[in-house]
file query36.cif (mmCIF, all heavy atoms)
data_protein
#
loop_
_atom_site.label_atom_id
_atom_site.label_comp_id
_atom_site.auth_asym_id
_atom_site.auth_seq_id
_atom_site.Cartn_x
_atom_site.Cartn_y
_atom_site.Cartn_z
N MET A 1 32.45 13.52 50.31
CA MET A 1 32.62 12.42 51.21
C MET A 1 33.35 12.88 52.47
O MET A 1 32.96 12.52 53.57
CB MET A 1 33.42 11.31 50.52
CG MET A 1 33.66 10.11 51.40
SD MET A 1 34.57 8.79 50.61
CE MET A 1 36.23 9.31 50.89
N LEU A 2 34.39 13.66 52.31
CA LEU A 2 35.16 14.11 53.47
C LEU A 2 34.35 15.08 54.32
O LEU A 2 34.45 15.05 55.54
CB LEU A 2 36.46 14.76 53.02
CG LEU A 2 37.45 13.85 52.30
CD1 LEU A 2 38.67 14.63 51.85
CD2 LEU A 2 37.86 12.67 53.17
N LYS A 3 33.55 15.90 53.68
CA LYS A 3 32.73 16.85 54.44
C LYS A 3 31.72 16.09 55.29
O LYS A 3 31.53 16.42 56.46
CB LYS A 3 32.00 17.80 53.49
CG LYS A 3 31.20 18.86 54.21
CD LYS A 3 30.56 19.82 53.24
CE LYS A 3 29.79 20.90 53.98
NZ LYS A 3 29.19 21.85 53.06
N GLY A 4 31.11 15.06 54.73
CA GLY A 4 30.15 14.26 55.47
C GLY A 4 30.79 13.53 56.64
O GLY A 4 30.13 13.27 57.65
N ALA A 5 32.07 13.22 56.52
CA ALA A 5 32.79 12.55 57.59
C ALA A 5 33.28 13.52 58.66
O ALA A 5 33.84 13.11 59.67
CB ALA A 5 33.97 11.78 57.02
N GLY A 6 33.10 14.81 58.42
CA GLY A 6 33.52 15.81 59.40
C GLY A 6 34.97 16.21 59.27
O GLY A 6 35.50 16.90 60.14
N ILE A 7 35.63 15.81 58.18
CA ILE A 7 37.03 16.17 57.98
C ILE A 7 37.10 17.66 57.62
O ILE A 7 36.36 18.15 56.79
CB ILE A 7 37.66 15.35 56.84
CG1 ILE A 7 37.51 13.85 57.11
CG2 ILE A 7 39.10 15.74 56.60
CD1 ILE A 7 38.25 13.36 58.33
N GLY A 8 37.99 18.37 58.27
CA GLY A 8 38.18 19.79 57.99
C GLY A 8 37.44 20.70 58.95
O GLY A 8 37.66 21.90 58.96
N ALA A 9 36.57 20.13 59.75
CA ALA A 9 35.84 20.93 60.74
C ALA A 9 36.62 20.94 62.04
O ALA A 9 37.03 19.90 62.53
CB ALA A 9 34.45 20.37 60.96
N LEU A 10 36.83 22.11 62.59
CA LEU A 10 37.56 22.23 63.85
C LEU A 10 36.58 22.35 65.01
O LEU A 10 35.52 22.95 64.89
CB LEU A 10 38.45 23.47 63.82
CG LEU A 10 39.55 23.48 62.77
CD1 LEU A 10 40.27 24.82 62.79
CD2 LEU A 10 40.54 22.36 63.03
N GLU A 11 36.97 21.79 66.12
CA GLU A 11 36.16 21.91 67.33
C GLU A 11 36.95 22.67 68.38
O GLU A 11 38.16 22.76 68.30
CB GLU A 11 35.80 20.52 67.86
CG GLU A 11 34.91 19.73 66.93
CD GLU A 11 34.54 18.37 67.49
OE1 GLU A 11 34.73 18.15 68.70
OE2 GLU A 11 34.07 17.54 66.71
N GLY A 12 36.27 23.19 69.34
CA GLY A 12 36.94 23.88 70.43
C GLY A 12 37.02 25.37 70.21
O GLY A 12 36.22 25.97 69.50
N ALA A 13 38.04 25.99 70.78
CA ALA A 13 38.18 27.45 70.76
C ALA A 13 38.37 28.01 69.36
O ALA A 13 37.99 29.14 69.09
CB ALA A 13 39.37 27.85 71.64
N PHE A 14 38.94 27.23 68.44
CA PHE A 14 39.21 27.76 67.10
C PHE A 14 38.18 27.29 66.08
O PHE A 14 38.34 27.54 64.90
CB PHE A 14 40.61 27.35 66.65
CG PHE A 14 41.69 27.97 67.49
CD1 PHE A 14 42.35 27.21 68.43
CD2 PHE A 14 42.01 29.30 67.36
CE1 PHE A 14 43.34 27.77 69.22
CE2 PHE A 14 42.99 29.88 68.13
CZ PHE A 14 43.66 29.11 69.08
N GLY A 15 37.17 26.60 66.49
CA GLY A 15 36.18 26.07 65.56
C GLY A 15 35.03 27.02 65.34
O GLY A 15 34.69 27.85 66.17
N GLY A 16 34.37 26.88 64.19
CA GLY A 16 33.17 27.64 63.88
C GLY A 16 33.46 28.97 63.22
O GLY A 16 34.59 29.38 63.03
N GLY A 17 32.39 29.63 62.85
CA GLY A 17 32.50 30.95 62.27
C GLY A 17 32.62 30.95 60.76
O GLY A 17 32.79 29.91 60.11
N ALA A 18 32.54 32.14 60.20
CA ALA A 18 32.60 32.31 58.75
C ALA A 18 33.97 31.93 58.19
O ALA A 18 34.07 31.40 57.09
CB ALA A 18 32.26 33.75 58.38
N GLY A 19 35.02 32.19 58.95
CA GLY A 19 36.37 31.85 58.48
C GLY A 19 36.53 30.36 58.27
O GLY A 19 37.10 29.91 57.28
N GLU A 20 36.01 29.57 59.21
CA GLU A 20 36.10 28.12 59.06
C GLU A 20 35.32 27.66 57.84
O GLU A 20 35.77 26.80 57.08
CB GLU A 20 35.58 27.40 60.29
CG GLU A 20 35.70 25.89 60.15
CD GLU A 20 35.14 25.14 61.34
OE1 GLU A 20 34.81 25.76 62.36
OE2 GLU A 20 35.05 23.92 61.22
N ASP A 21 34.15 28.22 57.64
CA ASP A 21 33.34 27.85 56.49
C ASP A 21 34.09 28.11 55.18
O ASP A 21 34.00 27.32 54.24
CB ASP A 21 32.02 28.62 56.47
CG ASP A 21 31.07 28.19 57.58
OD1 ASP A 21 31.26 27.08 58.12
OD2 ASP A 21 30.16 28.97 57.90
N GLN A 22 34.82 29.20 55.12
CA GLN A 22 35.54 29.56 53.91
C GLN A 22 36.74 28.65 53.65
O GLN A 22 37.00 28.27 52.52
CB GLN A 22 36.03 31.01 53.99
CG GLN A 22 34.94 32.04 53.98
CD GLN A 22 34.19 32.05 52.66
OE1 GLN A 22 34.78 31.98 51.60
NE2 GLN A 22 32.88 32.15 52.74
N PHE A 23 37.47 28.29 54.69
CA PHE A 23 38.73 27.59 54.49
C PHE A 23 38.67 26.09 54.71
O PHE A 23 39.57 25.37 54.31
CB PHE A 23 39.82 28.22 55.36
CG PHE A 23 40.15 29.61 54.92
CD1 PHE A 23 39.69 30.71 55.61
CD2 PHE A 23 40.92 29.81 53.77
CE1 PHE A 23 39.99 31.99 55.19
CE2 PHE A 23 41.22 31.09 53.34
CZ PHE A 23 40.75 32.19 54.05
N ALA A 24 37.61 25.59 55.33
CA ALA A 24 37.49 24.15 55.55
C ALA A 24 37.42 23.40 54.23
O ALA A 24 37.98 22.31 54.09
CB ALA A 24 36.28 23.83 56.41
N SER A 25 36.77 23.98 53.22
CA SER A 25 36.69 23.32 51.92
C SER A 25 38.06 23.22 51.27
O SER A 25 38.37 22.22 50.61
CB SER A 25 35.72 24.06 50.99
OG SER A 25 36.20 25.35 50.70
N LEU A 26 38.92 24.22 51.48
CA LEU A 26 40.27 24.16 50.92
C LEU A 26 41.09 23.07 51.61
O LEU A 26 41.87 22.36 50.96
CB LEU A 26 40.97 25.52 51.08
CG LEU A 26 40.32 26.68 50.34
CD1 LEU A 26 41.00 27.99 50.71
CD2 LEU A 26 40.36 26.45 48.84
N LEU A 27 40.91 22.91 52.91
CA LEU A 27 41.59 21.87 53.65
C LEU A 27 41.15 20.49 53.18
O LEU A 27 41.97 19.61 52.93
CB LEU A 27 41.34 22.03 55.15
CG LEU A 27 41.97 20.98 56.06
CD1 LEU A 27 43.50 20.98 55.91
CD2 LEU A 27 41.58 21.24 57.50
N ARG A 28 39.84 20.32 53.00
CA ARG A 28 39.33 19.04 52.51
C ARG A 28 39.85 18.74 51.12
O ARG A 28 40.18 17.60 50.80
CB ARG A 28 37.81 19.03 52.52
CG ARG A 28 37.22 18.84 53.90
CD ARG A 28 35.72 18.61 53.85
NE ARG A 28 34.99 19.76 53.35
CZ ARG A 28 34.54 20.74 54.12
NH1 ARG A 28 34.74 20.71 55.42
NH2 ARG A 28 33.89 21.75 53.59
N GLU A 29 39.95 19.74 50.29
CA GLU A 29 40.47 19.55 48.93
C GLU A 29 41.92 19.06 48.98
O GLU A 29 42.30 18.15 48.24
CB GLU A 29 40.38 20.86 48.15
CG GLU A 29 40.82 20.73 46.71
CD GLU A 29 40.66 22.04 45.95
OE1 GLU A 29 39.78 22.84 46.30
OE2 GLU A 29 41.43 22.23 45.00
N GLN A 30 42.72 19.62 49.85
CA GLN A 30 44.11 19.18 49.99
C GLN A 30 44.19 17.75 50.52
O GLN A 30 45.01 16.96 50.07
CB GLN A 30 44.88 20.14 50.90
CG GLN A 30 45.12 21.50 50.29
CD GLN A 30 45.91 21.41 49.00
OE1 GLN A 30 46.96 20.79 48.95
NE2 GLN A 30 45.39 22.02 47.96
N TYR A 31 43.34 17.42 51.49
CA TYR A 31 43.29 16.04 51.99
C TYR A 31 42.94 15.08 50.87
O TYR A 31 43.54 14.01 50.73
CB TYR A 31 42.26 15.90 53.11
CG TYR A 31 42.68 16.41 54.46
CD1 TYR A 31 41.75 16.95 55.33
CD2 TYR A 31 44.00 16.33 54.90
CE1 TYR A 31 42.12 17.41 56.59
CE2 TYR A 31 44.37 16.79 56.16
CZ TYR A 31 43.43 17.32 56.99
OH TYR A 31 43.79 17.77 58.22
N ALA A 32 41.95 15.44 50.06
CA ALA A 32 41.52 14.57 48.96
C ALA A 32 42.65 14.37 47.96
O ALA A 32 42.89 13.25 47.49
CB ALA A 32 40.29 15.17 48.28
N GLU A 33 43.37 15.43 47.63
CA GLU A 33 44.48 15.32 46.69
C GLU A 33 45.57 14.40 47.23
O GLU A 33 46.12 13.57 46.50
CB GLU A 33 45.06 16.69 46.36
CG GLU A 33 44.15 17.51 45.46
CD GLU A 33 44.76 18.87 45.10
OE1 GLU A 33 46.00 19.02 45.17
OE2 GLU A 33 43.98 19.76 44.75
N LYS A 34 45.87 14.51 48.50
CA LYS A 34 46.88 13.64 49.12
C LYS A 34 46.43 12.19 49.13
O LYS A 34 47.22 11.28 48.93
CB LYS A 34 47.21 14.10 50.54
CG LYS A 34 47.90 15.44 50.60
CD LYS A 34 49.24 15.39 49.92
CE LYS A 34 49.92 16.74 50.01
NZ LYS A 34 51.18 16.77 49.28
N MET A 35 45.13 11.96 49.37
CA MET A 35 44.61 10.59 49.35
C MET A 35 44.75 9.98 47.96
O MET A 35 45.12 8.80 47.82
CB MET A 35 43.14 10.57 49.77
CG MET A 35 42.93 10.79 51.23
SD MET A 35 41.16 10.77 51.56
CE MET A 35 41.14 11.39 53.23
N VAL A 36 44.45 10.76 46.94
CA VAL A 36 44.58 10.27 45.57
C VAL A 36 46.04 9.97 45.24
O VAL A 36 46.35 8.92 44.67
CB VAL A 36 43.99 11.30 44.57
CG1 VAL A 36 44.34 10.95 43.15
CG2 VAL A 36 42.49 11.39 44.75
N GLN A 37 46.94 10.85 45.63
CA GLN A 37 48.37 10.64 45.39
C GLN A 37 48.87 9.38 46.09
O GLN A 37 49.76 8.69 45.59
CB GLN A 37 49.19 11.84 45.83
CG GLN A 37 49.00 13.06 44.97
CD GLN A 37 49.67 14.30 45.55
OE1 GLN A 37 50.29 14.26 46.61
NE2 GLN A 37 49.54 15.42 44.85
N ALA A 38 48.29 9.07 47.23
CA ALA A 38 48.71 7.90 48.01
C ALA A 38 48.07 6.62 47.48
O ALA A 38 48.35 5.55 47.99
CB ALA A 38 48.37 8.10 49.48
N GLY A 39 47.20 6.73 46.50
CA GLY A 39 46.56 5.54 45.94
C GLY A 39 45.19 5.25 46.51
O GLY A 39 44.66 4.16 46.37
N GLY A 40 44.59 6.21 47.17
CA GLY A 40 43.24 6.04 47.71
C GLY A 40 43.26 5.45 49.10
O GLY A 40 44.29 5.42 49.78
N LEU A 41 42.10 4.96 49.51
CA LEU A 41 41.94 4.43 50.85
C LEU A 41 41.90 2.90 50.87
O LEU A 41 41.84 2.31 51.93
CB LEU A 41 40.64 4.96 51.48
CG LEU A 41 40.54 6.47 51.61
CD1 LEU A 41 39.16 6.86 52.13
CD2 LEU A 41 41.62 6.98 52.55
N GLY A 42 41.87 2.29 49.71
CA GLY A 42 41.79 0.83 49.64
C GLY A 42 40.37 0.30 49.78
O GLY A 42 40.17 -0.87 50.03
N LEU A 43 39.39 1.16 49.64
CA LEU A 43 38.01 0.74 49.80
C LEU A 43 37.51 -0.08 48.61
O LEU A 43 36.71 -0.99 48.79
CB LEU A 43 37.10 1.95 49.99
CG LEU A 43 37.25 2.71 51.28
CD1 LEU A 43 36.35 3.95 51.29
CD2 LEU A 43 36.93 1.83 52.46
N SER A 44 37.98 0.23 47.41
CA SER A 44 37.44 -0.46 46.23
C SER A 44 37.71 -1.96 46.29
O SER A 44 36.83 -2.76 45.96
CB SER A 44 38.00 0.14 44.95
OG SER A 44 39.41 0.03 44.92
N GLU A 45 38.89 -2.36 46.72
CA GLU A 45 39.20 -3.79 46.81
C GLU A 45 38.31 -4.46 47.85
O GLU A 45 37.80 -5.56 47.64
CB GLU A 45 40.68 -4.01 47.16
CG GLU A 45 41.63 -3.64 46.06
CD GLU A 45 42.04 -2.17 46.12
OE1 GLU A 45 41.79 -1.51 47.15
OE2 GLU A 45 42.60 -1.70 45.13
N HIS A 46 38.13 -3.81 48.97
CA HIS A 46 37.30 -4.37 50.04
C HIS A 46 35.84 -4.50 49.59
O HIS A 46 35.20 -5.53 49.82
CB HIS A 46 37.40 -3.50 51.29
CG HIS A 46 36.57 -4.00 52.43
ND1 HIS A 46 36.88 -5.15 53.12
CD2 HIS A 46 35.43 -3.53 52.97
CE1 HIS A 46 35.97 -5.35 54.05
NE2 HIS A 46 35.08 -4.38 53.98
N ILE A 47 35.33 -3.47 48.93
CA ILE A 47 33.95 -3.50 48.46
C ILE A 47 33.77 -4.59 47.42
O ILE A 47 32.80 -5.36 47.46
CB ILE A 47 33.54 -2.12 47.90
CG1 ILE A 47 33.46 -1.11 49.05
CG2 ILE A 47 32.22 -2.19 47.15
CD1 ILE A 47 33.33 0.33 48.61
N MET A 48 34.70 -4.70 46.48
CA MET A 48 34.62 -5.72 45.43
C MET A 48 34.66 -7.12 46.04
O MET A 48 33.88 -8.00 45.65
CB MET A 48 35.75 -5.53 44.43
CG MET A 48 35.67 -6.48 43.29
SD MET A 48 34.18 -6.16 42.36
CE MET A 48 34.70 -6.65 40.76
N ARG A 49 35.55 -7.35 46.99
CA ARG A 49 35.66 -8.66 47.63
C ARG A 49 34.36 -9.02 48.35
O ARG A 49 33.85 -10.14 48.24
CB ARG A 49 36.84 -8.67 48.60
CG ARG A 49 37.13 -10.00 49.22
CD ARG A 49 38.41 -10.04 50.05
NE ARG A 49 38.61 -8.90 50.92
CZ ARG A 49 39.54 -7.95 50.72
NH1 ARG A 49 40.35 -7.99 49.68
NH2 ARG A 49 39.66 -6.95 51.57
N THR A 50 33.78 -8.05 49.05
CA THR A 50 32.53 -8.29 49.77
C THR A 50 31.40 -8.60 48.80
O THR A 50 30.59 -9.51 49.03
CB THR A 50 32.18 -7.07 50.64
OG1 THR A 50 33.25 -6.83 51.55
CG2 THR A 50 30.89 -7.28 51.42
N MET A 51 31.34 -7.86 47.70
CA MET A 51 30.30 -8.11 46.70
C MET A 51 30.45 -9.49 46.08
O MET A 51 29.45 -10.19 45.86
CB MET A 51 30.35 -7.02 45.62
CG MET A 51 29.89 -5.66 46.11
SD MET A 51 30.10 -4.36 44.90
CE MET A 51 28.98 -4.85 43.62
N MET A 52 31.67 -9.90 45.80
CA MET A 52 31.91 -11.22 45.22
C MET A 52 31.52 -12.32 46.21
O MET A 52 30.92 -13.32 45.81
CB MET A 52 33.38 -11.36 44.81
CG MET A 52 33.78 -10.46 43.66
SD MET A 52 32.84 -10.77 42.16
CE MET A 52 33.46 -12.36 41.71
N GLU A 53 31.84 -12.15 47.47
CA GLU A 53 31.47 -13.14 48.49
C GLU A 53 29.95 -13.27 48.58
O GLU A 53 29.43 -14.39 48.65
CB GLU A 53 32.05 -12.75 49.85
CG GLU A 53 33.55 -12.92 49.95
CD GLU A 53 34.14 -12.34 51.22
OE1 GLU A 53 33.38 -11.80 52.06
OE2 GLU A 53 35.37 -12.41 51.38
N LYS A 54 29.25 -12.14 48.55
CA LYS A 54 27.79 -12.18 48.63
C LYS A 54 27.18 -12.80 47.37
O LYS A 54 26.23 -13.57 47.44
CB LYS A 54 27.23 -10.78 48.86
CG LYS A 54 27.50 -10.27 50.25
CD LYS A 54 26.85 -8.95 50.52
CE LYS A 54 27.23 -8.53 51.93
NZ LYS A 54 26.16 -7.92 52.64
N ALA A 55 27.77 -12.50 46.22
CA ALA A 55 27.28 -13.08 44.96
C ALA A 55 27.52 -14.60 44.95
O ALA A 55 26.64 -15.36 44.53
CB ALA A 55 27.96 -12.43 43.78
N ASN A 56 28.66 -15.02 45.43
CA ASN A 56 28.95 -16.45 45.48
C ASN A 56 28.02 -17.16 46.46
O ASN A 56 27.55 -18.26 46.20
CB ASN A 56 30.41 -16.70 45.86
CG ASN A 56 31.36 -16.29 44.76
OD1 ASN A 56 30.99 -16.23 43.60
ND2 ASN A 56 32.60 -16.00 45.13
N ALA A 57 27.75 -16.54 47.60
CA ALA A 57 26.85 -17.13 48.58
C ALA A 57 25.43 -17.22 48.02
O ALA A 57 24.75 -18.22 48.20
CB ALA A 57 26.87 -16.31 49.87
N ALA A 58 24.99 -16.19 47.32
CA ALA A 58 23.65 -16.20 46.72
C ALA A 58 23.58 -17.24 45.62
O ALA A 58 22.56 -17.93 45.47
CB ALA A 58 23.31 -14.82 46.17
N GLY A 59 24.65 -17.43 44.87
CA GLY A 59 24.68 -18.44 43.82
C GLY A 59 24.63 -19.85 44.36
O GLY A 59 23.96 -20.71 43.79
N SER A 60 25.29 -20.08 45.47
CA SER A 60 25.28 -21.43 46.05
C SER A 60 23.92 -21.73 46.70
O SER A 60 23.52 -22.87 46.76
CB SER A 60 26.41 -21.59 47.07
OG SER A 60 26.19 -20.76 48.19
N GLU A 61 23.20 -20.73 47.15
CA GLU A 61 21.88 -20.95 47.74
C GLU A 61 20.86 -21.34 46.69
O GLU A 61 19.98 -22.14 46.94
CB GLU A 61 21.40 -19.68 48.47
CG GLU A 61 22.16 -19.38 49.74
CD GLU A 61 21.75 -18.06 50.38
OE1 GLU A 61 20.82 -17.41 49.85
OE2 GLU A 61 22.36 -17.69 51.39
N THR A 62 21.00 -20.82 45.48
CA THR A 62 20.02 -21.13 44.42
C THR A 62 20.27 -22.49 43.80
O THR A 62 19.38 -23.06 43.20
CB THR A 62 20.06 -20.04 43.32
OG1 THR A 62 21.37 -19.96 42.77
CG2 THR A 62 19.64 -18.70 43.88
N THR A 63 21.48 -23.02 43.92
CA THR A 63 21.79 -24.33 43.33
C THR A 63 21.51 -25.47 44.28
O THR A 63 21.56 -26.62 43.90
CB THR A 63 23.26 -24.40 42.88
OG1 THR A 63 24.11 -24.15 43.99
CG2 THR A 63 23.52 -23.38 41.78
N ASP A 64 21.20 -25.17 45.53
CA ASP A 64 20.94 -26.22 46.53
C ASP A 64 19.54 -26.76 46.41
O ASP A 64 18.60 -26.30 46.05
CB ASP A 64 21.16 -25.73 47.96
CG ASP A 64 22.66 -25.52 48.24
OD1 ASP A 64 23.47 -26.10 47.53
OD2 ASP A 64 22.94 -24.76 49.18
#

call {"tool": "encode", "arguments": {"input": "query36.cif", "output": "structure tokens"}}
result
Amino acid sequence: MLKGAGIGALEGAFGGGAGEDQFASLLREQYAEKMVQAGGLGLSEHIMRTMMEKANAAGSETTD
């Protein structure tokens, strides 16, 4: 997920090359560990709330 978001990739004078390819994954791994220790990003609650709202809206449309 972090790689797809571009986390760990450097731009500019210090970006690119074989060295970045080797160590960017280690940086992303450390970011991921810190996110887990902090309790995540809070996405699960938001996703669940959105799903429940859509389910409730779909349920009210079928009963009308």

call {"tool": "select_by_dssp", "arguments": {"input": "query36.cif", "residues": "chain A", "states": "helix (DSSP H, G or I)", "output": "count of residues only"}}
result
42

call {"tool": "atom_distance", "arguments": {"input": "query36.cif", "atom1": "CB of Leu27 (chain A)", "atom2": "atom O of Ile7 (chain A)"}}
result
6.5 Å

call {"tool": "closest_residue", "arguments": {"input": "query36.cif", "among": "A:Glu53, A:Glu61, A:Lys34, A:Arg28", "to": "Ala5 (chain A)", "atoms": "only C-alpha atoms"}}
result
A:Arg28

call {"tool": "atom_distance", "arguments": {"input": "query36.cif", "atom1": "CA of Gly40 (chain A)", "atom2": "CA of Ala57 (chain A)"}}
result
28.4 Å

call {"tool": "atom_distance", "arguments": {"input": "query36.cif", "atom1": "CB of Ala32 (chain A)", "atom2": "atom C of Ser44 (chain A)"}}
result
17.4 Å

call {"tool": "decode", "arguments": {"input": "query36.cif", "residues": "region 22-38 of chain A", "atoms": "N, CA, C and O atoms", "output": "mmCIF file, in the first residue's frame"}}
result
data_model
loop_
_atom_site.group_PDB
_atom_site.id
_atom_site.type_symbol
_atom_site.label_atom_id
_atom_site.label_comp_id
_atom_site.auth_asym_id
_atom_site.auth_seq_id
_atom_site.Cartn_x
_atom_site.Cartn_y
_atom_site.Cartn_z
ATOM 1 N N GLN A 22 17.055 -0.499 -3.239
ATOM 2 C CA GLN A 22 17.403 -1.418 -2.160
ATOM 3 C C GLN A 22 16.877 -0.959 -0.811
ATOM 4 O O GLN A 22 16.406 -1.759 -0.015
ATOM 5 N N PHE A 23 16.944 0.328 -0.535
ATOM 6 C CA PHE A 23 16.641 0.808 0.806
ATOM 7 C C PHE A 23 15.254 1.418 0.972
ATOM 8 O O PHE A 23 14.785 1.587 2.091
ATOM 9 N N ALA A 24 14.568 1.725 -0.120
ATOM 10 C CA ALA A 24 13.222 2.285 -0.018
ATOM 11 C C ALA A 24 12.269 1.299 0.645
ATOM 12 O O ALA A 24 11.402 1.687 1.424
ATOM 13 N N SER A 25 12.441 0.003 0.380
ATOM 14 C CA SER A 25 11.567 -0.993 0.997
ATOM 15 C C SER A 25 11.780 -1.046 2.509
ATOM 16 O O SER A 25 10.822 -1.237 3.268
ATOM 17 N N LEU A 26 13.015 -0.836 2.962
ATOM 18 C CA LEU A 26 13.279 -0.816 4.403
ATOM 19 C C LEU A 26 12.631 0.400 5.060
ATOM 20 O O LEU A 26 12.086 0.304 6.166
ATOM 21 N N LEU A 27 12.654 1.525 4.374
ATOM 22 C CA LEU A 27 12.018 2.730 4.882
ATOM 23 C C LEU A 27 10.511 2.540 4.976
ATOM 24 O O LEU A 27 9.892 2.872 5.995
ATOM 25 N N ARG A 28 9.914 1.964 3.934
ATOM 26 C CA ARG A 28 8.476 1.708 3.963
ATOM 27 C C ARG A 28 8.109 0.742 5.079
ATOM 28 O O ARG A 28 7.092 0.902 5.741
ATOM 29 N N GLU A 29 8.931 -0.240 5.309
ATOM 30 C CA GLU A 29 8.679 -1.202 6.389
ATOM 31 C C GLU A 29 8.670 -0.498 7.750
ATOM 32 O O GLU A 29 7.808 -0.759 8.588
ATOM 33 N N GLN A 30 9.595 0.409 7.960
ATOM 34 C CA GLN A 30 9.634 1.164 9.215
ATOM 35 C C GLN A 30 8.416 2.071 9.357
ATOM 36 O O GLN A 30 7.844 2.186 10.438
ATOM 37 N N TYR A 31 8.013 2.715 8.265
ATOM 38 C CA TYR A 31 6.798 3.535 8.298
ATOM 39 C C TYR A 31 5.594 2.680 8.669
ATOM 40 O O TYR A 31 4.753 3.083 9.482
ATOM 41 N N ALA A 32 5.489 1.506 8.065
ATOM 42 C CA ALA A 32 4.351 0.622 8.341
ATOM 43 C C ALA A 32 4.335 0.195 9.806
ATOM 44 O O ALA A 32 3.276 0.187 10.444
ATOM 45 N N GLU A 33 5.490 -0.137 10.351
ATOM 46 C CA GLU A 33 5.558 -0.535 11.761
ATOM 47 C C GLU A 33 5.123 0.601 12.676
ATOM 48 O O GLU A 33 4.392 0.391 13.643
ATOM 49 N N LYS A 34 5.547 1.805 12.373
ATOM 50 C CA LYS A 34 5.148 2.969 13.184
ATOM 51 C C LYS A 34 3.649 3.225 13.084
ATOM 52 O O LYS A 34 3.008 3.593 14.061
ATOM 53 N N MET A 35 3.080 3.040 11.886
ATOM 54 C CA MET A 35 1.638 3.217 11.725
ATOM 55 C C MET A 35 0.864 2.210 12.570
ATOM 56 O O MET A 35 -0.143 2.554 13.196
ATOM 57 N N VAL A 36 1.329 0.973 12.578
ATOM 58 C CA VAL A 36 0.672 -0.062 13.372
ATOM 59 C C VAL A 36 0.777 0.266 14.860
ATOM 60 O O VAL A 36 -0.204 0.168 15.597
ATOM 61 N N GLN A 37 1.952 0.690 15.307
ATOM 62 C CA GLN A 37 2.141 1.049 16.712
ATOM 63 C C GLN A 37 1.248 2.213 17.117
ATOM 64 O O GLN A 37 0.784 2.292 18.252
ATOM 65 N N ALA A 38 0.977 3.104 16.185
ATOM 66 C CA ALA A 38 0.142 4.279 16.468
ATOM 67 C C ALA A 38 -1.344 3.946 16.392
ATOM 68 O O ALA A 38 -2.171 4.801 16.653
#
